[in-house]
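Visitor: First the structure, then my questions, so here it is.
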Amino acid sequence: MENAIRQNLVSRRYGKNRVMMALCFLAAILGIFFLSVILVSLLYRGVTALSLDVFTMSIPAQGSRGGLINAIYGTVLVTGCAILIAAPIGILAGTYLVEYANGTKLAEFAKFINDILLSAPSIIVGVFVYGAVVVPMHGNSAIAGILALALIALPVVNRTTQDMLLLVPNALREATAALGAPRWKSMTMVIYRSAWTGILTGILLAVARISGETAPLLFTAGYSKFMNAGLTGPIATLPVAINTLAADAGEDLKQLAWAGALIITVAILVLNILARVLSGRRQ
């Protein structure tokens, strides 16, 4: 009798396990299917919309020839400057929290705030920078867009730096201290060399994160159909250009939006692959 009850219990558990495995498999198939449909549609519409004009001409008026060179330039400028601001600050802040203030109340509070910023919607950052920068400057500007993206990338770099430094064995720190090396030399010559691949991976992931952001740039960098090399005026970026062109009634501008979507997707894909390669090399 007891064996029968046990076998019945085991068979029910195996049955539930098979049902859950089937549901998980079905969910995975559905996810892959819809992602494949999106990618195939993007490739088909994007590749057919690509031309030399896309990389040599600025955003046109409806019915005119044009391209996305000003939006591509604006995306590279805003993203690059944002990373130049966020990466050093994030690395230094992560170093301080792990190497100098680890275990203190200040460090725990700073890590908590960083995790909140890491998961906060990007539009909140855009609204904050709009009130702090755009309103006092009386208009959208590339500077405001750079600051918004830097605030989004900063917690990503900070968190990655913390995780990578925590993976460095304490034996390396003790060995350099035993040799009489000062703390700063131990950091630059030993610890950073052990963790640089992971930190660089975090920076690349931060670039991939902010390069596709639209909401904060709508409030900060604005939109322009013209090439703007300065930082004090509105500047076109690919995410905002895609959003604006896709909503236009002209079919030619919608084609440009598909081309822009393909360009930014390929760029983010390359960054993610590079990050995976660096992460795998570290492992």
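For the structure tokens, the naming scheme is as follows: chains receive sequential letters (A, B, ...) according to their order of presentation, residues are indexed from 1 within each chain, and ligands are indexed from 1 in presentation order.
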Report as a PyMOL selection string: the residues of region 210-277 of chain A with a DSSP assignment of helix (DSSP H, G or I), based on the backbone of this structure.

Guide: chain A and resi 210-211+215-219+238-246+251-277

Visitor: Just write the chosen residues, C-alpha atoms, as a PDB file, in the first residue's frame.

Guide:
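Once written, out_22.pdb looks like this:
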```pdb
ATOM      1  CA  ILE A 210      22.072  54.169 -24.528  1.00  0.00           C
ATOM      2  CA  SER A 211      22.532  54.070 -28.311  1.00  0.00           C
ATOM      3  CA  ALA A 215      12.496  58.868 -24.733  1.00  0.00           C
ATOM      4  CA  PRO A 216      15.236  60.899 -22.977  1.00  0.00           C
ATOM      5  CA  LEU A 217      16.465  62.371 -26.260  1.00  0.00           C
ATOM      6  CA  LEU A 218      12.982  63.561 -27.185  1.00  0.00           C
ATOM      7  CA  PHE A 219      13.065  65.803 -24.098  1.00  0.00           C
ATOM      8  CA  LEU A 238      18.862  57.864 -35.080  1.00  0.00           C
ATOM      9  CA  PRO A 239      16.283  56.781 -32.453  1.00  0.00           C
ATOM     10  CA  VAL A 240      14.465  60.135 -32.563  1.00  0.00           C
ATOM     11  CA  ALA A 241      14.741  60.285 -36.359  1.00  0.00           C
ATOM     12  CA  ILE A 242      13.219  56.799 -36.662  1.00  0.00           C
ATOM     13  CA  ASN A 243      10.372  57.798 -34.357  1.00  0.00           C
ATOM     14  CA  THR A 244       9.703  61.005 -36.302  1.00  0.00           C
ATOM     15  CA  LEU A 245      10.051  59.580 -39.815  1.00  0.00           C
ATOM     16  CA  ALA A 246       7.925  56.511 -39.070  1.00  0.00           C
ATOM     17  CA  GLU A 251       6.309  56.581 -47.854  1.00  0.00           C
ATOM     18  CA  ASP A 252       9.832  57.733 -48.764  1.00  0.00           C
ATOM     19  CA  LEU A 253      10.409  58.956 -45.204  1.00  0.00           C
ATOM     20  CA  LYS A 254       9.077  55.698 -43.799  1.00  0.00           C
ATOM     21  CA  GLN A 255      11.671  53.890 -45.905  1.00  0.00           C
ATOM     22  CA  LEU A 256      14.360  56.042 -44.321  1.00  0.00           C
ATOM     23  CA  ALA A 257      13.006  55.029 -40.906  1.00  0.00           C
ATOM     24  CA  TRP A 258      13.420  51.349 -41.824  1.00  0.00           C
ATOM     25  CA  ALA A 259      16.976  52.005 -42.975  1.00  0.00           C
ATOM     26  CA  GLY A 260      17.758  53.785 -39.705  1.00  0.00           C
ATOM     27  CA  ALA A 261      16.234  50.935 -37.693  1.00  0.00           C
ATOM     28  CA  LEU A 262      18.442  48.436 -39.521  1.00  0.00           C
ATOM     29  CA  ILE A 263      21.576  50.537 -38.971  1.00  0.00           C
ATOM     30  CA  ILE A 264      21.033  50.930 -35.231  1.00  0.00           C
ATOM     31  CA  THR A 265      20.064  47.263 -34.826  1.00  0.00           C
ATOM     32  CA  VAL A 266      23.235  46.090 -36.547  1.00  0.00           C
ATOM     33  CA  ALA A 267      25.331  48.495 -34.455  1.00  0.00           C
ATOM     34  CA  ILE A 268      23.816  47.239 -31.189  1.00  0.00           C
ATOM     35  CA  LEU A 269      24.206  43.625 -32.350  1.00  0.00           C
ATOM     36  CA  VAL A 270      27.896  44.170 -33.073  1.00  0.00           C
ATOM     37  CA  LEU A 271      28.425  45.764 -29.648  1.00  0.00           C
ATOM     38  CA  ASN A 272      26.677  42.876 -27.889  1.00  0.00           C
ATOM     39  CA  ILE A 273      28.684  40.287 -29.813  1.00  0.00           C
ATOM     40  CA  LEU A 274      31.900  42.118 -28.962  1.00  0.00           C
ATOM     41  CA  ALA A 275      30.883  42.232 -25.297  1.00  0.00           C
ATOM     42  CA  ARG A 276      30.133  38.498 -25.333  1.00  0.00           C
ATOM     43  CA  VAL A 277      33.500  37.753 -26.967  1.00  0.00           C
TER      44      VAL A 277
END
```

Visitor: Point out the residue among A:Thr220, A:Ser36, A:Thr79, A:Asn102 with the least atom-to-atom distance to Ala153 (chain A), counting only C-alpha atoms.

Guide: A:Thr79

Visitor: Between CA of Ile203 (chain A) and CA of Ala87 (chain A), measure the distance and give it in Å to one decimal.

Guide: 6.7 Å

Visitor: Separation of CA of Ala144 (chain A) and CA of Thr56 (chain A), in Å?

Guide: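 Between these atoms lies a distance of 26.3 Å.
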
Visitor: Counting only C-alpha atoms, which residue out of A:Ser122, A:Thr161, A:Thr176, A:Asn70 sits closest to Tyr223 (chain A)?

Guide: A:Asn70

Visitor: Select from region 157-268 of chain A every residue with an atom at most 12 Å from any atom of region 104-110 of chain A, then for each give the shortest pair of atoms and their distance in Å to one decimal, using only C-alpha atoms, rows by chain and rising number, as CSV.

Guide:
```
residue,atom,partner,partner_atom,distance
A:Asn158,CA,A:Ala110,CA,10.5
A:Arg159,CA,A:Ala110,CA,10.8
A:Gln162,CA,A:Ala107,CA,11.1
```

Visitor: Have a look at CA of Leu23 (chain A) and CA of Ser119 (chain A) and let me know their distance in Å, one decimal.

Guide: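 Pair CA of Leu23 (chain A) / CA of Ser119 (chain A) returns 28.9 Å.
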
Visitor: Residues within 12 Å of Ala132 (chain A), please, as a CSV table (one decimal) with N, CA, C and O atoms, in the first residue's frame. Count only C-alpha atoms; anything in the same chain fewer than 4 positions from it doesn't count.

Guide:
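Wrote it out as part_29.csv, contents follow:
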```
chain,number,residue,atom,x,y,z
A,125,VAL,N,14.8,60.0,-16.4
A,125,VAL,CA,16.1,60.7,-16.6
A,125,VAL,C,15.9,61.9,-17.6
A,125,VAL,O,16.4,63.0,-17.4
A,126,GLY,N,15.2,61.6,-18.7
A,126,GLY,CA,15.0,62.6,-19.6
A,126,GLY,C,14.2,63.8,-19.1
A,126,GLY,O,14.6,65.0,-19.4
A,127,VAL,N,13.2,63.6,-18.3
A,127,VAL,CA,12.4,64.6,-17.7
A,127,VAL,C,13.2,65.4,-16.7
A,127,VAL,O,13.2,66.7,-16.6
A,128,PHE,N,14.1,64.7,-15.9
A,128,PHE,CA,15.0,65.4,-15.0
A,128,PHE,C,15.9,66.4,-15.7
A,128,PHE,O,16.1,67.5,-15.3
A,136,PRO,N,16.6,75.9,-18.3
A,136,PRO,CA,17.5,77.0,-18.1
A,136,PRO,C,18.2,77.5,-19.4
A,136,PRO,O,18.4,78.7,-19.6
A,137,MET,N,18.4,76.6,-20.4
A,137,MET,CA,19.1,76.9,-21.6
A,137,MET,C,18.1,77.4,-22.7
A,137,MET,O,18.5,77.8,-23.8
A,138,HIS,N,16.8,77.3,-22.4
A,138,HIS,CA,15.7,77.8,-23.2
A,138,HIS,C,15.7,77.1,-24.6
A,138,HIS,O,15.4,77.7,-25.6
A,139,GLY,N,15.9,75.8,-24.6
A,139,GLY,CA,15.9,75.0,-25.8
A,139,GLY,C,16.6,73.7,-25.7
A,139,GLY,O,17.5,73.5,-24.8
A,140,ASN,N,16.3,72.8,-26.6
A,140,ASN,CA,17.0,71.5,-26.7
A,140,ASN,C,18.4,71.7,-27.2
A,140,ASN,O,18.7,72.7,-27.9
A,143,ILE,N,24.1,69.1,-25.6
A,143,ILE,CA,24.6,68.9,-24.3
A,143,ILE,C,23.6,68.3,-23.4
A,143,ILE,O,24.0,67.4,-22.6
A,144,ALA,N,22.4,68.6,-23.5
A,144,ALA,CA,21.3,68.0,-22.6
A,144,ALA,C,21.2,66.5,-22.9
A,144,ALA,O,21.1,65.7,-22.0
A,145,GLY,N,21.3,66.2,-24.2
A,145,GLY,CA,21.2,64.8,-24.6
A,145,GLY,C,22.4,64.0,-24.1
A,145,GLY,O,22.2,62.8,-23.6
A,147,LEU,N,24.2,64.6,-21.4
A,147,LEU,CA,24.0,64.5,-19.9
A,147,LEU,C,23.0,63.4,-19.6
A,147,LEU,O,23.2,62.6,-18.7
A,148,ALA,N,21.9,63.4,-20.4
A,148,ALA,CA,20.8,62.4,-20.1
A,148,ALA,C,21.4,61.0,-20.3
A,148,ALA,O,21.2,60.1,-19.5
A,219,PHE,N,13.2,64.7,-25.0
A,219,PHE,CA,13.1,65.8,-24.1
A,219,PHE,C,14.3,66.7,-24.1
A,219,PHE,O,14.3,67.8,-23.7
A,220,THR,N,15.5,66.1,-24.5
A,220,THR,CA,16.7,66.8,-24.3
A,220,THR,C,17.4,67.3,-25.6
A,220,THR,O,17.5,68.5,-25.9
```

Visitor: Could you give me, as a PyMOL selection string, the residues within 10 Å of Ile83 (chain A), counting only C-alpha atoms and dropping anything in the same chain fewer than 2 positions from it?

Guide: chain A and resi 78-81+85-90+146-147+149-154+157+203-204+206-207+210

Visitor: Write the residues of the preceding selection, restricted to N, CA, C and O atoms, as a compact mmCIF listing (two decimals), in the first residue's frame.

Guide:
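Full text of result34.txt as output:
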```txt
# COMPACT_ATOMS: atom_id res chain seq x y z
N VAL A 78 26.61 62.12 -29.55
CA VAL A 78 25.94 62.12 -28.24
C VAL A 78 26.33 60.88 -27.44
O VAL A 78 26.67 60.97 -26.25
N THR A 79 26.32 59.72 -28.09
CA THR A 79 26.67 58.49 -27.38
C THR A 79 28.13 58.49 -26.95
O THR A 79 28.46 58.11 -25.82
N GLY A 80 29.02 58.90 -27.87
CA GLY A 80 30.44 58.92 -27.54
C GLY A 80 30.77 59.86 -26.40
O GLY A 80 31.51 59.50 -25.47
N CYS A 81 30.22 61.06 -26.44
CA CYS A 81 30.49 62.03 -25.36
C CYS A 81 29.89 61.55 -24.04
O CYS A 81 30.48 61.75 -22.97
N ILE A 85 31.98 60.66 -20.47
CA ILE A 85 31.67 61.20 -19.15
C ILE A 85 31.37 60.08 -18.16
O ILE A 85 31.87 60.07 -17.02
N ALA A 86 30.56 59.11 -18.58
CA ALA A 86 30.08 58.08 -17.65
C ALA A 86 31.14 57.05 -17.30
O ALA A 86 31.18 56.58 -16.15
N ALA A 87 31.98 56.67 -18.26
CA ALA A 87 32.94 55.59 -18.01
C ALA A 87 33.95 55.93 -16.90
O ALA A 87 34.10 55.14 -15.95
N PRO A 88 34.67 57.06 -16.96
CA PRO A 88 35.62 57.35 -15.88
C PRO A 88 34.95 57.49 -14.52
O PRO A 88 35.45 56.96 -13.51
N ILE A 89 33.81 58.19 -14.48
CA ILE A 89 33.12 58.38 -13.20
C ILE A 89 32.63 57.04 -12.66
O ILE A 89 32.76 56.74 -11.47
N GLY A 90 32.05 56.23 -13.53
CA GLY A 90 31.54 54.93 -13.10
C GLY A 90 32.64 54.01 -12.60
O GLY A 90 32.48 53.31 -11.59
N ILE A 146 23.55 64.58 -24.15
CA ILE A 146 24.75 63.91 -23.64
C ILE A 146 24.63 63.65 -22.15
O ILE A 146 24.94 62.55 -21.66
N LEU A 147 24.18 64.63 -21.39
CA LEU A 147 24.04 64.47 -19.94
C LEU A 147 22.99 63.41 -19.61
O LEU A 147 23.17 62.62 -18.67
N LEU A 149 22.07 60.76 -21.45
CA LEU A 149 22.61 59.43 -21.74
C LEU A 149 23.73 59.05 -20.77
O LEU A 149 23.89 57.88 -20.41
N ALA A 150 24.51 60.04 -20.34
CA ALA A 150 25.57 59.77 -19.36
C ALA A 150 24.98 59.29 -18.04
O ALA A 150 25.51 58.37 -17.39
N LEU A 151 23.85 59.88 -17.63
CA LEU A 151 23.20 59.45 -16.39
C LEU A 151 22.63 58.05 -16.51
O LEU A 151 22.54 57.32 -15.52
N ILE A 152 22.24 57.66 -17.72
CA ILE A 152 21.73 56.29 -17.92
C ILE A 152 22.87 55.29 -17.95
O ILE A 152 22.75 54.17 -17.42
N ALA A 153 24.00 55.67 -18.56
CA ALA A 153 25.13 54.74 -18.68
C ALA A 153 25.93 54.61 -17.38
O ALA A 153 26.54 53.57 -17.13
N LEU A 154 25.91 55.66 -16.56
CA LEU A 154 26.73 55.68 -15.34
C LEU A 154 26.46 54.50 -14.41
O LEU A 154 27.41 53.81 -13.99
N VAL A 157 27.98 51.15 -15.85
CA VAL A 157 29.44 51.03 -15.71
C VAL A 157 29.83 50.83 -14.25
O VAL A 157 30.70 50.02 -13.93
N ILE A 203 31.33 48.62 -20.26
CA ILE A 203 31.26 49.87 -21.02
C ILE A 203 30.57 49.65 -22.36
O ILE A 203 29.72 50.45 -22.79
N LEU A 204 30.90 48.54 -23.03
CA LEU A 204 30.25 48.23 -24.31
C LEU A 204 28.76 47.99 -24.13
O LEU A 204 27.94 48.41 -24.96
N ALA A 206 26.95 49.34 -21.83
CA ALA A 206 26.38 50.66 -21.58
C ALA A 206 26.17 51.41 -22.89
O ALA A 206 25.15 52.09 -23.08
N VAL A 207 27.14 51.30 -23.81
CA VAL A 207 26.99 51.94 -25.12
C VAL A 207 25.78 51.36 -25.85
O VAL A 207 24.97 52.09 -26.44
N ILE A 210 22.47 52.78 -24.29
CA ILE A 210 22.07 54.17 -24.53
C ILE A 210 21.94 54.51 -26.01
O ILE A 210 21.28 55.49 -26.36
```

Visitor: Restricting the calculation to only C-alpha atoms, which member of A:Met57, A:Leu26, A:Val156, A:Ser194 is positioned closest to Ala71 (chain A)?

Guide: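 For Ala71 (chain A), the nearest of the candidates is A:Met57.
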